[in-house]
file start_18.txt (compact mmCIF, C-alpha atoms)
# COMPACT_ATOMS: atom_id res chain seq x y z
CA MET A 72 -21.51 -43.86 53.47
CA THR A 73 -20.02 -41.06 51.44
CA ALA A 74 -19.92 -41.34 47.68
CA GLU A 75 -16.51 -41.36 46.10
CA PRO A 76 -15.74 -38.34 43.85
CA GLN A 77 -16.32 -38.95 40.19
CA HIS A 78 -13.27 -38.38 38.00
CA PRO A 79 -13.61 -37.74 34.26
CA PRO A 80 -12.49 -40.62 32.09
CA ALA A 81 -8.87 -40.58 30.96
CA HIS A 82 -9.88 -40.74 27.29
CA SER A 83 -11.98 -37.55 27.70
CA HIS A 84 -8.95 -35.63 28.99
CA ALA A 85 -6.78 -37.01 26.19
CA ARG A 86 -9.39 -35.99 23.64
CA ARG A 87 -9.43 -32.40 24.95
CA THR A 88 -5.63 -32.31 24.92
CA LEU A 89 -5.55 -33.58 21.34
CA LEU A 90 -8.16 -31.04 20.21
CA GLY A 91 -6.21 -28.27 21.93
CA ALA A 92 -3.04 -29.34 20.13
CA PHE A 93 -4.87 -29.40 16.79
CA ARG A 94 -6.29 -25.95 17.47
CA ALA A 95 -2.89 -24.51 18.42
CA ASN A 96 -1.24 -26.02 15.33
CA PHE A 97 -4.03 -24.75 13.10
CA LEU A 98 -3.71 -21.19 14.42
CA THR A 99 0.08 -21.29 14.08
CA GLY A 100 -0.20 -22.57 10.53
CA LEU A 101 -2.79 -19.92 9.73
CA VAL A 102 -0.43 -17.18 10.91
CA VAL A 103 2.22 -18.55 8.55
CA VAL A 104 0.05 -19.42 5.54
CA LEU A 105 -2.36 -16.47 5.51
CA PRO A 106 0.19 -13.65 4.90
CA VAL A 107 2.01 -15.70 2.25
CA GLY A 108 -1.22 -16.68 0.52
CA LEU A 109 -2.64 -13.17 0.54
CA THR A 110 0.64 -11.73 -0.76
CA ILE A 111 0.76 -14.22 -3.64
CA TRP A 112 -2.92 -13.63 -4.42
CA LEU A 113 -2.48 -9.85 -4.39
CA ILE A 114 0.57 -9.98 -6.67
CA TRP A 115 -1.29 -12.37 -9.01
CA LYS A 116 -4.25 -10.01 -9.20
CA ILE A 117 -2.12 -6.90 -9.80
CA VAL A 118 -0.11 -8.62 -12.52
CA GLY A 119 -3.32 -9.84 -14.17
CA TRP A 120 -4.82 -6.35 -13.98
CA ILE A 121 -1.79 -4.81 -15.71
CA ASP A 122 -1.80 -7.56 -18.33
CA SER A 123 -5.48 -6.91 -19.07
CA TRP A 124 -4.63 -3.29 -19.88
CA VAL A 125 -1.43 -3.88 -21.85
CA LEU A 126 -1.97 -7.11 -23.81
CA PRO A 127 -4.85 -5.75 -25.95
CA PHE A 128 -2.28 -3.42 -27.56
CA VAL A 129 0.04 -6.35 -28.35
CA PRO A 130 -0.64 -8.36 -31.54
CA TYR A 131 -2.29 -11.66 -30.71
CA ALA A 132 0.50 -13.63 -32.42
CA PHE A 133 2.99 -12.33 -29.84
CA HIS A 134 1.03 -13.34 -26.76
CA PRO A 135 3.06 -15.80 -24.64
CA ASP A 136 0.39 -18.52 -24.71
CA VAL A 137 0.17 -18.36 -28.52
CA MET A 138 3.95 -18.38 -28.97
CA LEU A 139 4.38 -21.39 -26.68
CA ASP A 140 1.71 -23.29 -28.59
CA ARG A 141 3.15 -22.33 -31.98
CA TYR A 142 6.86 -22.93 -31.40
CA LEU A 143 6.91 -25.55 -28.63
CA GLY A 144 3.55 -27.23 -29.09
CA TYR A 145 2.73 -26.66 -25.43
CA GLN A 146 -0.59 -25.25 -24.30
CA PRO A 147 -0.30 -24.03 -20.66
CA PRO A 148 -3.23 -25.02 -18.42
CA VAL A 149 -3.55 -21.43 -17.13
CA SER A 150 -2.89 -18.11 -18.78
CA ILE A 151 0.70 -16.94 -18.38
CA ARG A 152 0.84 -13.65 -16.54
CA GLY A 153 3.60 -11.07 -16.39
CA PHE A 154 4.27 -10.43 -20.08
CA GLY A 155 2.20 -7.25 -19.98
CA VAL A 156 4.06 -6.13 -16.85
CA ILE A 157 7.40 -6.48 -18.66
CA ILE A 158 6.11 -4.47 -21.62
CA PHE A 159 4.73 -1.83 -19.26
CA LEU A 160 8.07 -1.50 -17.44
CA VAL A 161 10.06 -1.25 -20.67
CA PHE A 162 7.62 1.27 -22.13
CA THR A 163 7.62 3.39 -18.94
CA ILE A 164 11.43 3.43 -18.79
CA PHE A 165 11.56 4.42 -22.47
CA VAL A 166 9.05 7.25 -21.93
CA GLY A 167 11.02 8.48 -18.92
CA TRP A 168 14.23 8.48 -20.95
CA ILE A 169 12.53 10.44 -23.74
CA ALA A 170 10.96 12.89 -21.28
CA LYS A 171 14.37 13.85 -19.89
CA GLY A 172 15.58 15.00 -23.31
CA LEU A 173 14.96 18.32 -25.00
CA ILE A 174 12.51 16.92 -27.54
CA GLY A 175 10.60 15.07 -24.84
CA ARG A 176 10.27 18.16 -22.67
CA GLN A 177 9.02 20.15 -25.64
CA MET A 178 6.45 17.46 -26.46
CA ILE A 179 5.27 17.33 -22.84
CA GLY A 180 5.00 21.13 -22.75
CA TRP A 181 3.00 21.14 -25.98
CA GLY A 182 0.68 18.40 -24.66
CA GLU A 183 0.13 20.15 -21.33
CA GLY A 184 -0.60 23.40 -23.15
CA LEU A 185 -3.24 21.57 -25.16
CA VAL A 186 -4.75 20.05 -21.99
CA ASP A 187 -4.87 23.47 -20.31
CA ARG A 188 -7.36 24.60 -22.96
CA MET A 189 -9.82 21.89 -21.91
CA PRO A 190 -11.59 23.01 -18.71
CA PHE A 191 -12.79 19.65 -17.34
CA VAL A 192 -9.84 17.59 -18.58
CA ARG A 193 -7.42 20.19 -17.21
CA SER A 194 -8.69 19.76 -13.66
CA ILE A 195 -8.44 15.97 -13.78
CA TYR A 196 -4.98 15.98 -15.37
CA ASN A 197 -3.49 18.55 -13.00
CA GLY A 198 -4.87 16.73 -9.95
CA LEU A 199 -3.53 13.36 -11.07
CA LYS A 200 -0.19 14.90 -11.99
CA GLN A 201 0.23 16.45 -8.55
CA ILE A 202 -0.64 13.16 -6.86
CA ALA A 203 1.82 11.23 -9.04
CA GLU A 204 4.59 13.76 -8.44
CA THR A 205 3.99 13.64 -4.70
CA VAL A 206 3.90 9.83 -4.48
CA PHE A 207 6.71 8.98 -6.91
CA SER A 208 8.92 12.04 -6.46
CA GLN A 209 12.50 11.30 -5.48
CA SER A 210 12.77 14.49 -3.47
CA GLU A 211 12.73 14.70 0.30
CA SER A 212 9.11 15.90 0.52
CA LYS A 213 7.73 12.62 1.81
CA PHE A 214 6.46 11.25 5.08
CA ASP A 215 9.60 10.74 7.13
CA THR A 216 8.31 11.00 10.70
CA ALA A 217 5.50 9.34 12.61
CA CYS A 218 3.85 11.31 15.39
CA LEU A 219 1.14 11.37 18.03
CA ILE A 220 -1.58 14.00 18.18
CA GLU A 221 -4.70 14.41 20.31
CA TYR A 222 -7.64 13.57 18.04
CA PRO A 223 -10.65 13.78 17.88
CA ARG A 224 -10.59 15.45 21.33
CA PRO A 225 -8.07 16.10 24.08
CA GLY A 226 -7.17 12.94 25.95
CA ILE A 227 -7.52 10.63 22.93
CA TRP A 228 -4.36 10.05 20.91
CA ALA A 229 -3.92 9.04 17.29
CA VAL A 230 -0.93 8.07 15.16
CA GLY A 231 -0.22 10.32 12.19
CA PHE A 232 2.52 11.24 9.74
CA VAL A 233 4.23 14.61 9.50
CA SER A 234 4.56 15.78 5.91
CA THR A 235 5.79 19.41 5.94
CA ALA A 236 5.49 22.64 7.82
CA ALA A 237 2.43 24.71 6.92
CA LYS A 238 3.24 27.36 4.34
CA GLY A 239 1.72 30.27 2.48
CA GLU A 240 -1.73 31.59 3.19
CA ILE A 241 -2.68 28.67 5.43
CA ALA A 242 0.20 29.40 7.82
CA GLU A 243 -0.69 33.10 7.79
CA LYS A 244 -4.45 32.80 8.31
CA ILE A 245 -4.56 30.18 11.07
CA PRO A 246 -4.60 32.17 14.34
CA VAL A 247 -1.85 30.23 16.11
CA SER A 248 1.44 31.59 17.32
CA GLY A 249 4.41 29.40 16.49
CA GLU A 250 5.08 26.77 13.86
CA LEU A 251 2.30 24.71 12.30
CA LEU A 252 2.89 21.19 11.03
CA THR A 253 0.95 19.47 8.29
CA VAL A 254 -0.09 16.06 9.65
CA PHE A 255 -1.78 13.30 7.68
CA LEU A 256 -4.00 11.18 9.91
CA PRO A 257 -4.70 7.83 8.16
CA THR A 258 -7.70 5.62 8.79
CA THR A 259 -7.74 1.95 9.77
CA PRO A 260 -7.35 -0.48 8.04
CA ASN A 261 -7.00 1.56 4.83
CA PRO A 262 -4.15 4.05 5.35
CA THR A 263 -4.60 5.60 1.89
CA SER A 264 -7.61 7.56 3.17
CA GLY A 265 -7.58 9.93 6.11
CA PHE A 266 -7.58 13.54 7.23
CA LEU A 267 -5.24 16.43 6.54
CA LEU A 268 -4.70 18.38 9.76
CA TYR A 269 -2.74 21.51 10.61
CA VAL A 270 -1.49 21.12 14.17
CA PRO A 271 0.68 23.44 16.28
CA ARG A 272 4.19 22.12 16.65
CA THR A 273 3.85 22.15 20.43
CA ASP A 274 0.89 19.74 20.24
CA VAL A 275 2.74 17.15 18.14
CA ILE A 276 4.77 14.38 19.75
CA LEU A 277 7.35 13.03 17.30
CA LEU A 278 8.08 9.30 17.57
CA ASP A 279 11.80 8.56 17.68
CA LYS A 280 11.88 4.75 17.76
CA MET A 281 8.84 3.97 15.59
CA GLY A 282 9.45 4.75 11.92
CA VAL A 283 6.89 5.42 9.21
CA GLU A 284 6.79 1.78 8.08
CA ASP A 285 6.28 0.47 11.61
CA ALA A 286 3.57 3.05 12.26
CA ALA A 287 1.83 2.05 9.03
CA LYS A 288 1.85 -1.60 10.16
CA LEU A 289 0.34 -0.58 13.47
CA ILE A 290 -2.43 1.37 11.72
CA ILE A 291 -3.22 -1.31 9.14
CA SER A 292 -3.43 -4.03 11.79
CA ALA A 293 -5.75 -1.90 13.97
CA GLY A 294 -3.24 -1.93 16.81
CA LEU A 295 -2.60 -5.68 16.76
CA VAL A 296 0.97 -5.49 15.44
CA TYR A 297 3.62 -3.60 17.37
CA PRO A 298 6.78 -4.03 15.26
CA ALA A 299 9.15 -2.84 17.99
CA GLU A 300 7.84 -5.42 20.47
CA LYS A 301 7.90 -8.11 17.79
CA ALA A 302 11.57 -7.40 17.08
CA ALA A 303 12.39 -7.46 20.78
CA ILE A 304 10.70 -10.85 21.22
CA ALA A 305 12.53 -12.27 18.20
CA ALA A 306 15.87 -11.08 19.60
CA ARG A 307 15.42 -12.99 22.88

call {"tool": "encode", "arguments": {"input": "start_18.txt", "output": "structure tokens"}}
result
Amino acid sequence: MTAEPQHPPAHSHARRTLLGAFRANFLTGLVVVLPVGLTIWLIWKIVGWIDSWVLPFVPYAFHPDVMLDRYLGYQPPVSIRGFGVIIFLVFTIFVGWIAKGLIGRQMIGWGEGLVDRMPFVRSIYNGLKQIAETVFSQSESKFDTACLIEYPRPGIWAVGFVSTAAKGEIAEKIPVSGELLTVFLPTTPNPTSGFLLYVPRTDVILLDKMGVEDAAKLIISAGLVYPAEKAAIAAR
């Protein structure tokens, strides 16, 4: 006599199906909740950091928590954030408006002349000023093109950003015939750090369909997010 094949109980299969459904729902919910939660947490932290710098210069009687308690008799359960951000924005706009005038330019020139007489302070100030002007400048000298270059050796490709064409002594001293491009090669997952490379124009492949923002997403996600493919899937 041959033994009949043993089939797993029906409740065992149902249990695996239920666990699989729970797992799929959990992962889907995590994809939705995690970006929203991290964004809210990051904004909350940045606002709190700005408040911690600005509010000490504001008289204690004008703090939002104190004013609510004094005039409305309400004591919020958590500290109200954002008041320092508003003051910072108003103050920055006011300083920018003053700096555009004749008196403001004269004051800035006098202050920079004073800083130039301080050897150590001068280096720090000039470096920070150049970084701020580069990041917040409204001119066209910004990353506007993503590219591919062979790095760190031929046959291995990396995503970078073209900033400008090489100029001055660097363009003259590098022994390469033809145009040189200045390429910033960011690291993953922190794109604010990276390498500054001077690459011959013929060795740079400019990306036409992938913009700077999409390339930044690709770098930050370590290659997990391809914005172009995501958009194509959503359009189906």

call {"tool": "residues_around", "arguments": {"input": "start_18.txt", "residues": "Lys288 (chain A)", "least_positions_apart": "3", "cutoff": "12 Å", "atoms": "only C-alpha atoms", "output": "list in words"}}
result
Ala217, Val230, Pro257, Thr259, Pro260, Asn261, Pro262, Met281, Gly282, Val283, Glu284, Asp285, Ile291, Ser292, Ala293, Gly294, Leu295, Val296, Tyr297, Pro298, Ala299 and Lys301 of chain A

call {"tool": "closest_residue", "arguments": {"input": "start_18.txt", "among": "A:Phe255, A:Cys218, A:Ile179, A:Phe266", "to": "Gly167 (chain A)", "atoms": "all atoms listed in the file"}}
result
A:Ile179

call {"tool": "residues_around", "arguments": {"input": "start_18.txt", "residues": "Ser150 (chain A)", "least_positions_apart": "2", "cutoff": "9 Å", "atoms": "all atoms listed in the file", "output": "list in words"}}
result
Pro135, Asp136, Pro147, Pro148 and Arg152 of chain A

call {"tool": "write_last_selection", "arguments": {"input": "start_18.txt", "atoms": "C-alpha atoms", "output": "CSV table (one decimal), keeping the file's coordinate frame"}}
result
chain,number,residue,atom,x,y,z
A,135,PRO,CA,3.1,-15.8,-24.6
A,136,ASP,CA,0.4,-18.5,-24.7
A,147,PRO,CA,-0.3,-24.0,-20.7
A,148,PRO,CA,-3.2,-25.0,-18.4
A,152,ARG,CA,0.8,-13.6,-16.5

call {"tool": "closest_residue", "arguments": {"input": "start_18.txt", "among": "A:Trp168, A:Val118, A:Met178, A:Pro246", "to": "Ile151 (chain A)", "atoms": "only C-alpha atoms"}}
result
A:Val118

call {"tool": "atom_distance", "arguments": {"input": "start_18.txt", "atom1": "CA of Val254 (chain A)", "atom2": "CA of Glu204 (chain A)"}}
result
18.8 Å

call {"tool": "atom_distance", "arguments": {"input": "start_18.txt", "atom1": "CA of Val270 (chain A)", "atom2": "CA of Thr235 (chain A)"}}
result
11.1 Å

call {"tool": "closest_residue", "arguments": {"input": "start_18.txt", "among": "A:Val192, A:Ser248, A:Lys200, A:Ala286", "to": "Gly231 (chain A)", "atoms": "all atoms listed in the file"}}
result
A:Ala286

call {"tool": "closest_residue", "arguments": {"input": "start_18.txt", "among": "A:Ile169, A:Leu105, A:Ile157, A:Ala287", "to": "Thr216 (chain A)", "atoms": "only C-alpha atoms"}}
result
A:Ala287

call {"tool": "closest_residue", "arguments": {"input": "start_18.txt", "among": "A:Ile121, A:Leu98, A:Ile174, A:Ala229", "to": "Phe154 (chain A)", "atoms": "only C-alpha atoms"}}
result
A:Ile121

call {"tool": "atom_distance", "arguments": {"input": "start_18.txt", "atom1": "CA of Val125 (chain A)", "atom2": "CA of Val156 (chain A)"}}
result
7.8 Å
